[in-house]
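Encoded as structure tokens, the structure appears first; notes follow it.
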Amino acid sequence: MQTNDVLYFDGKSARPSQVRVLLFHGQVHLYDPENNNLLGSFPLKGASYNKAGSSCYFYLDQHGLQYLQFNNDHELASTLAKEASEANMSWAQRLMKQRIVVLFAFMIGIFIGFYFLLVTLVPFLGSRMISVDTEISMGKKMRDMMIQQENLAGMTVDTEGSAKLQVFADRLKLSEHYPIRVTLVKSNILNAYALPGGQIVVYTGMLEKIKTPEALAALLAHESTHVNERHTLKSLLRKSANVILLSIIFGDLGGVTAGVVTNANALNDLQFSRSLEKEADREGMDLMVENHVNVDGMRQLMMTLKEAGDLPESLAFLSTHPLTKERLNAAVKYMQEHPQHPEEKKDLNSAFNALKRTEW
Amino acid sequence: MKIYRSYPLAFYGKGNEYFRIYIVNTILCILTLGLYYPWAKERKLKYMYGKSTFEETPFVFSGTGNEMFKGFIKAFLVLAALYGTAFYCMLNQSMGWGLIIIYGGVLILFPLAIHGSYRYRMAKTSWKGIRFGYTGDRGQLIGIFFKGVVLTVLTLGIYSAWFTMNLRRYVLSNVKVGNARFVYSGDGADYFWMNLRGYFLTVITFGIYSFWWQKDQFEFLVNNLRIQQDEDAVFFSSTATGGKFAKLTIVNFLIIVFTLGLGYAWVVTRTMNFVMNNIEVNGYYSFESLQQSQADYSDATGDDMADIFDFGFVI
């Protein structure tokens with residue numbers, strides 16, 4: 001045993017002395033090399049090991065003030081290293097002993113698992129905690145804010161038209177829990193949107209293009225489904241969950257990663273949005289059936305949208321809605337699967353005609 | 001006759017070793033919703049210290065996750081009490097009191113956090129079995145801090161150079177290693193002119209001079225530092241250049257960009273390497289004559305409060 005090469009630092013001064021080291025009974029024993037007197041014994045538990053440069057260091061206690069120093073190629077080097085780590089194996093250390101690839105895969109797995117957990121839990125719990133009444137008042141506030149913004153952009157509310165549209169909407173049973181309130185805004189935008197709590201906004205650009213009461217019913221049914229299924233609320237909660245998660249995980253990994261992930265996340269949001277739109281179409285049609293309105297109205301609505309143009313298929317993943325072509329096909333398929341005996345809805349027809357007579 | 005010699009500083013840490021630590025730390029922090037952080041900090045500091053060597057002997061960090069966990073709890077409680085009282089005042093229409101409590105509280109807490117942080121870190125740092133220590137006085141530090149903040153506000157920021165130097169001189173000159181002490185001798189006026197020059201040249205060159213400004217700041221820290229015991233001393237000096245800083249920063253940036261952030265561990269080890277390789281220590285002192293003199297100190301509250309406030313460790 002090359003006893004000459006082991007230096008012992010006693011934690012009282014920076015000057016080391018030479019010692020002879022023996023390992024047995026789970027302890028490290030130090031002996032004076034001149035007279036073989038026992039200088040001290042230290043349990044392996046609480047010891048630690050480090051390698052830096054060309055020397056190895058074996059720390060005899062938790063404070064690290066007393067330690068042994070020897071060359072990398074000393075016989076004791078590997079033995080002491082092994083003994084120290086085995087006696088003090090925390091599960092974090094066990095984890096660190098895995099191969100980097102395994103660790104990396106584990107980390108990715110946890111990220112993904114946590115992501116899905118948060119992304120399902122937060123909207124679920126959040127929507128449970130927000131009551132219908134809160135949602136209705138939230139929706140009113142959001143609607144007022146949106147109308148204000150639209151006013152600033154030069155788009156004003158058509159009060160007369162809104163009242164007539166409301167008459168039409170009231171003649172349908174669109175929602176069990178929420179009061180459906182419609183607002184008509186003067187603009188040639190071909191769109192309509194729903195806010196939480198029953199607020200629906202329709203642009204005159206959309207209304208102009210709608211030629212039948214069934215198609216209008218389809219539009220309102222679609223938007224009402226967004227309301228009934230609390231889509232906007234869920235979407236907001238999901239976005240917050242994502243933002244929180246991303247900032248926890250990627251907080252200190254630099255702007256580039258965060259940027260890449262935020263964009264990936266945005267694409268994910270669009271996917272969520274598209275699935276909600278499909279649901280709104282499908283359940284909207286269910287609503288129409290319940291109201292004994294001809295489901296063909298949805299197909300007509302899709303034909304109207306189709307005229308306005310569609311995204312090329314290759315860019316479908318960038319859209320908040322599924323391609324109109326897909327929605328059209330879905331509507332036709334629905335009609336085939338749900339043969340219907342629609343009634344003639346005289347009250348809807350008259351309300352629709354009154355609406356269409358309005359100038360805007 | 002004392003020999004004038006050089007004392008090598010080195011860093012032996014490797015990117016892939018630290019990457020392992022970093023991944024495990026991240027995994028465990030996520031799994032424990034952040035509670036693992038003090039132990040993650042312990043593991044990181046132990047690694048960084050253990051791979052940094054002076055005269056080929058590594059440093060040791062003997063702080064533990066347990067101590068730092070307790071410190072975090074205490075730091076959170078103090079901050080929660082402070083912010084809680086302030087918000088209570090603000091919600092009850094005493095906006096004025098609320099603001100006074102927050103600003104006054106933070107004004108006192110910052111120097112206390114610095115004090116506690118240095119006491120803990122230094123007591124938990126050792127080299128060749130000899131503990132470091134911080135022997136500054138809390139009251140004096142608060143005094144320097146108050147004077148500094150007031151004068152800086154009154155001079156619209158100009159005094160900040162003197163304030164920074166006063167703080168740095170006080171804190172670093174109270175760091176001891178065994179029976180030797182550190183001394184920092186940077187001057188406020190010199191610091192002011194150095195930074196003014198650096199700022200204007202950086203603006204004129206659209207940022208290119210920033211690397212040379214960084215090198216000036218690094219030099220200002222290192223070159224004014226020495227270790228002293230009675231008549232013996234060793235002096236620190238920087239061998240960094242603006243060009244070397246530029247290379248370090250640019251390569252680090254490229255690593256992060258091309259690895260989408262995964263290369264972070266290598267950036268950290270590269271930077272540590274750079275720092276250690278660009279500091280030279282020369283002098284007369286025989287470090288074998290260091291005696292254990294500093295006491296142990298295990299309250300990590302200050303260190304953890306400084307962590308929450310996000311201070312860098314060196315002022």
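To be explicit about the labels: the chains of the structure tokens are called A, B, and onward in the order shown, and within each one the residues are counted from 1, while ligands get numbers from 1 in the order they are shown.
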
### Message
Please list as a PyMOL selection string every residue within 7 Å of Asp303 (chain B), counting only C-alpha atoms and excluding residues in the same chain fewer than 5 positions away.
### Response
chain B and resi 113+116-117+120

Closest atom pairs, chain A residues within 6 Å of chain B, only C-alpha atoms, as a Markdown table:
```
| residue | atom | partner | partner_atom | distance |
| --- | --- | --- | --- | --- |
| A:Gly11 | CA | B:Gly129 | CA | 4.4 |
| A:Lys12 | CA | B:Gln292 | CA | 5.0 |
| A:Ser13 | CA | B:Gln291 | CA | 4.4 |
| A:Ala14 | CA | B:Glu288 | CA | 4.9 |
| A:Arg15 | CA | B:Glu288 | CA | 5.0 |
| A:Ala52 | CA | B:Lys51 | CA | 5.6 |
| A:His63 | CA | B:Ser62 | CA | 5.2 |
| A:Leu65 | CA | B:Gly129 | CA | 3.9 |
| A:Gln66 | CA | B:Gly129 | CA | 5.8 |
| A:Met107 | CA | B:Ile27 | CA | 5.7 |
| A:Leu253 | CA | B:Gly261 | CA | 5.2 |
| A:Thr257 | CA | B:Leu260 | CA | 5.1 |
```

Could you write out that same residue set with all heavy atoms as a compact mmCIF listing (two decimals), in the first residue's frame?
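And here is the file that came out, part.txt:
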```
# COMPACT_ATOMS: atom_id res chain seq x y z
N GLY A 11 -8.42 19.95 9.48
CA GLY A 11 -9.43 20.97 9.75
C GLY A 11 -9.02 21.97 10.80
O GLY A 11 -9.82 22.79 11.25
N LYS A 12 -7.74 21.91 11.27
CA LYS A 12 -7.29 22.91 12.24
C LYS A 12 -6.32 23.87 11.59
O LYS A 12 -6.27 25.06 11.92
CB LYS A 12 -6.63 22.22 13.42
CG LYS A 12 -7.59 21.33 14.19
CD LYS A 12 -7.04 20.97 15.56
CE LYS A 12 -7.91 19.93 16.24
NZ LYS A 12 -7.56 18.55 15.88
N SER A 13 -5.52 23.35 10.67
CA SER A 13 -4.63 24.22 9.91
C SER A 13 -4.56 23.70 8.49
O SER A 13 -4.98 22.57 8.21
CB SER A 13 -3.23 24.26 10.53
OG SER A 13 -2.46 23.21 9.98
N ALA A 14 -4.01 24.52 7.59
CA ALA A 14 -3.97 24.15 6.18
C ALA A 14 -2.78 23.25 5.88
O ALA A 14 -2.55 22.88 4.74
CB ALA A 14 -3.93 25.40 5.32
N ARG A 15 -1.99 22.91 6.90
CA ARG A 15 -0.82 22.07 6.66
C ARG A 15 -1.19 20.62 6.87
O ARG A 15 -1.62 20.23 7.95
CB ARG A 15 0.30 22.49 7.62
CG ARG A 15 1.64 21.85 7.30
CD ARG A 15 2.78 22.55 8.02
NE ARG A 15 3.13 23.81 7.39
CZ ARG A 15 3.22 24.98 8.03
NH1 ARG A 15 2.99 25.04 9.32
NH2 ARG A 15 3.53 26.08 7.37
N ALA A 52 -10.80 16.46 -8.72
CA ALA A 52 -10.56 17.72 -9.42
C ALA A 52 -9.11 17.74 -9.86
O ALA A 52 -8.20 17.57 -9.05
CB ALA A 52 -10.87 18.91 -8.52
N HIS A 63 -19.03 18.23 7.14
CA HIS A 63 -18.60 19.62 6.98
C HIS A 63 -17.49 19.74 5.97
O HIS A 63 -17.14 20.84 5.55
CB HIS A 63 -18.13 20.19 8.32
CG HIS A 63 -19.19 20.14 9.37
ND1 HIS A 63 -20.29 20.94 9.32
CD2 HIS A 63 -19.34 19.35 10.45
CE1 HIS A 63 -21.07 20.66 10.35
NE2 HIS A 63 -20.52 19.70 11.04
N LEU A 65 -14.39 19.52 6.41
CA LEU A 65 -13.20 20.21 6.90
C LEU A 65 -12.03 19.25 7.09
O LEU A 65 -10.87 19.64 7.02
CB LEU A 65 -13.50 20.92 8.22
CG LEU A 65 -14.53 22.05 8.10
CD1 LEU A 65 -14.85 22.61 9.47
CD2 LEU A 65 -14.03 23.15 7.19
N GLN A 66 -12.33 17.96 7.34
CA GLN A 66 -11.26 16.98 7.47
C GLN A 66 -11.32 16.08 6.25
O GLN A 66 -12.38 15.56 5.92
CB GLN A 66 -11.47 16.11 8.72
CG GLN A 66 -11.35 16.89 10.01
CD GLN A 66 -11.38 15.94 11.18
OE1 GLN A 66 -10.45 15.17 11.39
NE2 GLN A 66 -12.45 15.99 11.94
N MET A 107 -37.00 13.20 -18.35
CA MET A 107 -37.35 14.60 -18.20
C MET A 107 -38.42 15.00 -19.21
O MET A 107 -39.40 15.66 -18.87
CB MET A 107 -36.11 15.48 -18.39
CG MET A 107 -36.41 16.96 -18.18
SD MET A 107 -34.96 18.00 -18.18
CE MET A 107 -34.58 18.10 -19.88
N LEU A 253 -34.36 29.11 -19.52
CA LEU A 253 -33.62 28.49 -20.61
C LEU A 253 -33.46 29.41 -21.81
O LEU A 253 -33.08 29.01 -22.87
CB LEU A 253 -34.30 27.19 -21.06
CG LEU A 253 -33.96 25.99 -20.20
CD1 LEU A 253 -34.50 24.73 -20.83
CD2 LEU A 253 -32.45 25.86 -20.03
N THR A 257 -35.74 29.25 -26.79
CA THR A 257 -36.56 28.08 -26.47
C THR A 257 -37.97 28.52 -26.18
O THR A 257 -38.93 27.92 -26.66
CB THR A 257 -36.01 27.37 -25.22
OG1 THR A 257 -34.61 27.29 -25.34
CG2 THR A 257 -36.60 25.99 -25.12
```

#### Entry: Backbone DSSP call of alpha helix (DSSP H) for region 43-199 of chain B, listed as a PyMOL selection string
chain B and resi 43-50+65-91+95-123+138-154+160-172+188-199

#### Entry: Exercise: His338 (chain A) partners within 12 Å, only C-alpha atoms, chain neighbours under 2 positions left out, as a ChimeraX atom specification
/A:282,285-286,288-290,294-296,331-336,340-342

### Task
In Å, rounded to a single decimal, give me how far CA of Thr301 (chain B) is from CA of Thr152 (chain B).
27.9 Å

### Task
Tell me, as a list in words, which residues lie within 10 Å of Gly148 (chain B), counting only C-alpha atoms; anything in the same chain fewer than 3 positions away does not count.
Ile142, Gly143, Ile144, Phe145, Leu151, Thr152, Val153, Leu154, Tyr159, Ser160, Ala161, Trp162, Phe163, Thr164, Asn166 and Leu167 of chain B

### Query
Between A:Ile189, A:Val202, A:Val119, A:Val102, which has the minimum distance to Leu236 (chain A) (counting only C-alpha atoms)?
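For Leu236 (chain A), the nearest of the given residues is A:Val119.
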
### Message
Residues near Tyr31 (chain A), anyone? I mean within 10 Å using only C-alpha atoms, not counting same-chain ones fewer than 2 positions away, as a ChimeraX atom specification.
### Response
/A:3,18-22,29,33-41

### Task
Would you mind reading off the distance between CA of Ala81 (chain A) and CA of Ser17 (chain A), one decimal, in Å?
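We find that CA of Ala81 (chain A) and CA of Ser17 (chain A) lie 21.3 Å from each other.
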
### Message
Applying 12 Å and only C-alpha atoms, which residues near Ile101 (chain B) remain after dropping the ones on its own chain fewer than 5 positions away? List them as an NGL selection string.
### Response
:B and (79 or 81-90 or 94-96 or 106-109)

Would you export the selected residues with all heavy atoms as a short mmCIF file (atom, residue, chain, number, x, y, z; two decimals), in the first residue's frame, please?
```
data_model
loop_
_atom_site.label_atom_id
_atom_site.label_comp_id
_atom_site.auth_asym_id
_atom_site.auth_seq_id
_atom_site.Cartn_x
_atom_site.Cartn_y
_atom_site.Cartn_z
N LEU B 79 -41.19 37.96 4.23
CA LEU B 79 -41.70 38.72 3.09
C LEU B 79 -43.22 38.72 3.06
O LEU B 79 -43.85 39.73 2.76
CB LEU B 79 -41.15 38.14 1.79
CG LEU B 79 -39.69 38.47 1.56
CD1 LEU B 79 -39.14 37.69 0.39
CD2 LEU B 79 -39.52 39.96 1.30
N ALA B 81 -45.21 38.52 5.62
CA ALA B 81 -45.68 39.44 6.65
C ALA B 81 -45.58 40.87 6.16
O ALA B 81 -46.50 41.67 6.31
CB ALA B 81 -44.86 39.25 7.92
N LEU B 82 -44.45 41.18 5.53
CA LEU B 82 -44.24 42.54 5.05
C LEU B 82 -45.27 42.93 4.00
O LEU B 82 -45.98 43.93 4.12
CB LEU B 82 -42.84 42.67 4.44
CG LEU B 82 -42.48 44.08 3.97
CD1 LEU B 82 -42.22 44.95 5.17
CD2 LEU B 82 -41.26 44.05 3.07
N TYR B 83 -45.38 42.09 2.95
CA TYR B 83 -46.32 42.41 1.89
C TYR B 83 -47.75 42.34 2.37
O TYR B 83 -48.60 43.12 1.96
CB TYR B 83 -46.11 41.47 0.69
CG TYR B 83 -44.97 41.91 -0.18
CD1 TYR B 83 -43.70 41.38 -0.02
CD2 TYR B 83 -45.16 42.89 -1.15
CE1 TYR B 83 -42.66 41.80 -0.81
CE2 TYR B 83 -44.12 43.32 -1.94
CZ TYR B 83 -42.87 42.77 -1.77
OH TYR B 83 -41.82 43.19 -2.54
N GLY B 84 -48.02 41.39 3.26
CA GLY B 84 -49.37 41.26 3.80
C GLY B 84 -49.80 42.55 4.50
O GLY B 84 -50.88 43.09 4.23
N THR B 85 -48.93 43.05 5.40
CA THR B 85 -49.26 44.28 6.11
C THR B 85 -49.44 45.43 5.14
O THR B 85 -50.37 46.22 5.27
CB THR B 85 -48.13 44.67 7.10
OG1 THR B 85 -47.45 43.50 7.50
CG2 THR B 85 -48.69 45.40 8.29
N ALA B 86 -48.56 45.51 4.16
CA ALA B 86 -48.64 46.60 3.21
C ALA B 86 -49.95 46.55 2.43
O ALA B 86 -50.63 47.56 2.27
CB ALA B 86 -47.45 46.55 2.26
N PHE B 87 -50.33 45.38 1.94
CA PHE B 87 -51.57 45.27 1.18
C PHE B 87 -52.78 45.56 2.04
O PHE B 87 -53.75 46.16 1.59
CB PHE B 87 -51.71 43.87 0.56
CG PHE B 87 -50.97 43.76 -0.74
CD1 PHE B 87 -50.07 42.73 -0.95
CD2 PHE B 87 -51.16 44.68 -1.75
CE1 PHE B 87 -49.37 42.63 -2.14
CE2 PHE B 87 -50.46 44.59 -2.94
CZ PHE B 87 -49.56 43.56 -3.13
N TYR B 88 -52.70 45.11 3.31
CA TYR B 88 -53.81 45.38 4.21
C TYR B 88 -54.01 46.88 4.33
O TYR B 88 -55.13 47.38 4.27
CB TYR B 88 -53.50 44.76 5.58
CG TYR B 88 -54.60 44.98 6.58
CD1 TYR B 88 -55.79 44.28 6.48
CD2 TYR B 88 -54.45 45.91 7.61
CE1 TYR B 88 -56.81 44.49 7.40
CE2 TYR B 88 -55.46 46.11 8.52
CZ TYR B 88 -56.63 45.41 8.42
OH TYR B 88 -57.64 45.62 9.32
N CYS B 89 -52.89 47.61 4.48
CA CYS B 89 -52.98 49.07 4.55
C CYS B 89 -53.58 49.63 3.27
O CYS B 89 -54.46 50.48 3.29
CB CYS B 89 -51.60 49.70 4.75
SG CYS B 89 -50.96 49.41 6.39
N MET B 90 -53.09 49.15 2.14
CA MET B 90 -53.55 49.71 0.87
C MET B 90 -55.03 49.43 0.64
O MET B 90 -55.75 50.26 0.12
CB MET B 90 -52.71 49.15 -0.29
CG MET B 90 -51.28 49.63 -0.21
SD MET B 90 -50.51 49.65 -1.82
CE MET B 90 -49.32 48.38 -1.63
N SER B 94 -55.25 53.22 3.29
CA SER B 94 -54.05 53.95 3.72
C SER B 94 -52.92 53.64 2.77
O SER B 94 -51.95 53.00 3.13
CB SER B 94 -53.61 53.58 5.14
OG SER B 94 -54.57 52.83 5.77
N MET B 95 -53.09 54.10 1.52
CA MET B 95 -52.09 53.84 0.48
C MET B 95 -50.72 54.30 0.94
O MET B 95 -49.71 53.66 0.72
CB MET B 95 -52.51 54.62 -0.79
CG MET B 95 -51.72 54.26 -2.01
SD MET B 95 -52.06 52.58 -2.53
CE MET B 95 -51.78 52.70 -4.27
N GLY B 96 -50.69 55.46 1.60
CA GLY B 96 -49.42 56.04 2.04
C GLY B 96 -48.67 55.10 2.95
O GLY B 96 -47.49 54.77 2.71
N VAL B 106 -38.33 46.92 2.43
CA VAL B 106 -37.36 46.41 1.47
C VAL B 106 -36.00 47.08 1.68
O VAL B 106 -34.95 46.44 1.59
CB VAL B 106 -37.89 46.63 0.04
CG1 VAL B 106 -36.77 46.54 -0.96
CG2 VAL B 106 -38.95 45.61 -0.28
N LEU B 107 -36.03 48.36 2.01
CA LEU B 107 -34.78 49.09 2.25
C LEU B 107 -33.98 48.47 3.39
O LEU B 107 -32.76 48.43 3.37
CB LEU B 107 -35.12 50.55 2.58
CG LEU B 107 -34.04 51.58 2.34
CD1 LEU B 107 -33.58 51.53 0.90
CD2 LEU B 107 -34.58 52.96 2.66
N ILE B 108 -34.70 47.97 4.41
CA ILE B 108 -34.00 47.32 5.52
C ILE B 108 -33.65 45.89 5.16
O ILE B 108 -32.58 45.38 5.51
CB ILE B 108 -34.87 47.32 6.80
CG1 ILE B 108 -35.14 48.73 7.24
CG2 ILE B 108 -34.18 46.53 7.90
CD1 ILE B 108 -35.80 48.82 8.59
N LEU B 109 -34.58 45.21 4.44
CA LEU B 109 -34.35 43.80 4.16
C LEU B 109 -33.18 43.55 3.22
O LEU B 109 -32.47 42.56 3.36
CB LEU B 109 -35.61 43.17 3.56
CG LEU B 109 -36.70 42.82 4.56
CD1 LEU B 109 -37.88 42.17 3.86
CD2 LEU B 109 -36.15 41.87 5.61
#
```

### Task
From a DSSP calculation on the backbone, collect every residue of region 120-221 of chain A in strand (DSSP E or B) and output the set as a count of residues only.
14

### Message
I'd like the neighbourhood of Arg171 (chain A) as an MDAnalysis selection string, where a residue qualifies if any of its atoms comes within 10 Å (using only C-alpha atoms), though same-chain residues fewer than 6 positions away should be ignored.
### Response
chainID A and resid 291 345 347:348 351

Write to file, as a compact mmCIF listing (two decimals), in the first residue's frame, the residues of the selection just made, with N, CA, C and O atoms.
```
# COMPACT_ATOMS: atom_id res chain seq x y z
N ASN A 291 -85.32 21.68 -32.08
CA ASN A 291 -86.26 22.76 -32.35
C ASN A 291 -87.11 22.50 -33.59
O ASN A 291 -87.88 23.36 -34.01
N LYS A 345 -91.75 26.45 -39.65
CA LYS A 345 -91.73 27.33 -38.49
C LYS A 345 -92.21 28.71 -38.95
O LYS A 345 -91.40 29.56 -39.35
N ASP A 347 -93.36 31.15 -37.19
CA ASP A 347 -92.90 32.28 -36.37
C ASP A 347 -91.46 32.68 -36.74
O ASP A 347 -91.12 33.87 -36.77
N LEU A 348 -90.65 31.68 -37.05
CA LEU A 348 -89.27 31.99 -37.43
C LEU A 348 -89.26 32.72 -38.77
O LEU A 348 -88.53 33.71 -38.94
N ALA A 351 -90.25 36.36 -38.34
CA ALA A 351 -89.19 37.13 -37.67
C ALA A 351 -88.03 37.37 -38.64
O ALA A 351 -87.45 38.46 -38.68
```
